[in-house]
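K.L.:
Dropping a structure here in structure tokens format, bear with me for questions.
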Amino acid sequence: MTAEHPWSPAPWEPEPTAAGPTSDAHREHASERNALQLTPLAGIAFRVTAPGYRDFARTVAASCGYPQRFNTADVGAIYASREPDTAAREAFRRFARDRVAAEQVHLRSVFVLQIQLQAVLSLITETARAA
Amino acid sequence: MATSIRELDALERLHADFSFTYDALASALQTPASTVHRWRSGHGGAPTPVYLHRLAAFGTFLEELDMLMTRDGAVAWLDTPLPYLKGHTPRATILAGHVDRVTGILMAMNAGMPL
């Protein structure tokens, strides 16, 4: 399962700010955006879950009840991967860590999400994480 | 003889399918064993809202467990020490009154949350 998937910037531009292009606020905002690499994104993403977790509200509630690496109890999250392989590997990693025999696991669903995000915060670089 | 209180169904399943004793479950619920026996007999009143909430947590645990794996798998898993539980088993964690911790592990697997 190593398919290429079309990830392309969304056609829209970031919302213009009230401040002019030469204002301090604008420069500060631009600098922050640059450091954090906020970019729009449109495409598809994948989740490997129990079929009962196709429901986003249930998924978000679960993430709030049991916060994971990238969310807190008051910020819900839907975890997804850009590649189906990654989503599957994440699922199997968790089974392995929690000593669940994969052959005993009920069938999982692979959900494909069509997403359009106005801004993506990439935490890949140390600079971004520090900012 | 089970009563018609829906929340007690989880107790019955934990006992029948996973060999939890009623006395141990009573301890996990922080109530005397006699109270659990009274609830189950249907005589002497229903659980108070505090205990209904705790019983509902057992129900949520079972729902997630059923969603994740087969019954045979679950039987084995309940007695498997988990590093995430500091070497305790899910069963011991539940009996220590922390069913929510075990439910969280199951929920994370079911909802596709990464490590």
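Each chain in the structure tokens gets a letter, A, B, ..., in the order shown, and its residues are numbered from 1; ligands are numbered from 1 in order too.
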For chain A, which residues have at least one atom within 9 Å of chain B, if we go by only C-alpha atoms? Write them as a VMD selection string, please.

P.N.:
chain A and resid 47 to 54 58 to 59 62 to 63 65 to 69 78 to 80 87 to 88 90 to 91 93 to 95 97 to 108

K.L.:
Please identify all polymer residues within 9 Å of B:Val99, counting only C-alpha atoms, omitting same-chain residues fewer than 3 positions from it, and present them as a list in words.

P.N.:
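Skipping anything fewer than 3 positions along the chain leaves Ala28, Ala57, Phe58, Phe61, Pro90, Arg91, Thr93, Ile94, Leu95, Ala96, Val102, Thr103 and Gly104 of chain B.
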
K.L.:
Do you have the atom CA of B:Thr21-atom CA of B:Lys86 distance handy?

P.N.:
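Computing it gives 23.8 Å between the two atoms.
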
K.L.:
Nearest to B:Phe18 among B:Leu62, B:His88, B:Val75, B:Gly97, with distances taken over only C-alpha atoms: which residue is it?

P.N.:
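Closest to B:Phe18, using only C-alpha atoms: B:Val75.
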
K.L.:
Between atom CA of B:Ala33 and atom CA of B:Phe20, measure the distance and give it in Å to one decimal.

P.N.:
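Going from atom CA of B:Ala33 over to atom CA of B:Phe20, I get 13.0 Å.
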
K.L.:
For A:Val110, which residue among A:Phe46, A:Ala57, A:Leu41, A:Asp74 is the nearest when counting only C-alpha atoms?

P.N.:
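The answer is A:Phe46, which sits nearest to A:Val110.
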
K.L.:
Neighbouring residues of B:Gly44 were defined as those with any atom within 12 Å, considering only C-alpha atoms; residues of the same chain fewer than 4 positions away were excluded. Please report them as a list in words.

P.N.:
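These residues fall inside the cut-off: Thr3, Ser34, Thr35, Val36, His37, Arg38, Trp39, Arg40 and Thr48 of chain B.
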
K.L.:
Residues near A:Gly76, anyone? I mean within 7 Å using only C-alpha atoms, not counting same-chain ones fewer than 6 positions away, as a list in words.

P.N.:
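Contacts, with the query itself left out: Val60, Ala61, Ser63 and Cys64 of chain A.
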
K.L.:
Can you spit out the residues from that selection as a PDB file, in the first residue's frame, using C-alpha atoms?

P.N.:
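As written to disk, out.pdb reads:
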```
ATOM      1  CA  VAL A  60     -13.101  14.096  19.377  1.00  0.00           C
ATOM      2  CA  ALA A  61     -14.805  13.248  22.672  1.00  0.00           C
ATOM      3  CA  SER A  63      -9.428  12.388  22.440  1.00  0.00           C
ATOM      4  CA  CYS A  64     -10.576  14.869  25.091  1.00  0.00           C
TER       5      CYS A  64
END
```

K.L.:
Quick one: residues within 8 Å of B:Gly59, only C-alpha atoms counted, chain neighbours fewer than 3 positions away excluded, as JSON, numbers by chain?

P.N.:
{"B": [7, 9, 10, 55, 56, 62, 63]}

K.L.:
Please dump the current selection as a tab-separated table (two decimals), in the first residue's frame; keep N, CA and C atoms.

P.N.:
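Saved the output as out16.tsv:
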```tsv
chain	number	residue	atom	x	y	z
B	7	GLU	N	-27.37	-0.62	34.05
B	7	GLU	CA	-25.95	-0.48	34.40
B	7	GLU	C	-25.39	-1.74	35.06
B	9	ASP	N	-25.81	-4.68	34.00
B	9	ASP	CA	-25.46	-5.66	32.97
B	9	ASP	C	-23.95	-5.82	32.85
B	10	ALA	N	-23.23	-4.71	33.03
B	10	ALA	CA	-21.77	-4.77	32.91
B	10	ALA	C	-21.19	-5.67	33.99
B	55	LEU	N	-20.77	2.27	37.62
B	55	LEU	CA	-21.18	1.09	36.86
B	55	LEU	C	-21.17	1.37	35.35
B	56	ALA	N	-21.56	2.59	35.00
B	56	ALA	CA	-21.55	2.96	33.58
B	56	ALA	C	-20.13	2.93	33.02
B	62	LEU	N	-16.40	-2.23	28.64
B	62	LEU	CA	-16.78	-3.43	27.88
B	62	LEU	C	-17.10	-3.09	26.43
B	63	GLU	N	-17.71	-1.94	26.23
B	63	GLU	CA	-18.03	-1.53	24.86
B	63	GLU	C	-16.75	-1.38	24.03
```

K.L.:
Enumerate the residues of stretch 43-126 of chain A with a DSSP assignment of alpha helix (DSSP H), computed from the backbone, and present them as a ChimeraX atom specification.

P.N.:
/A:56-65,84-97,126
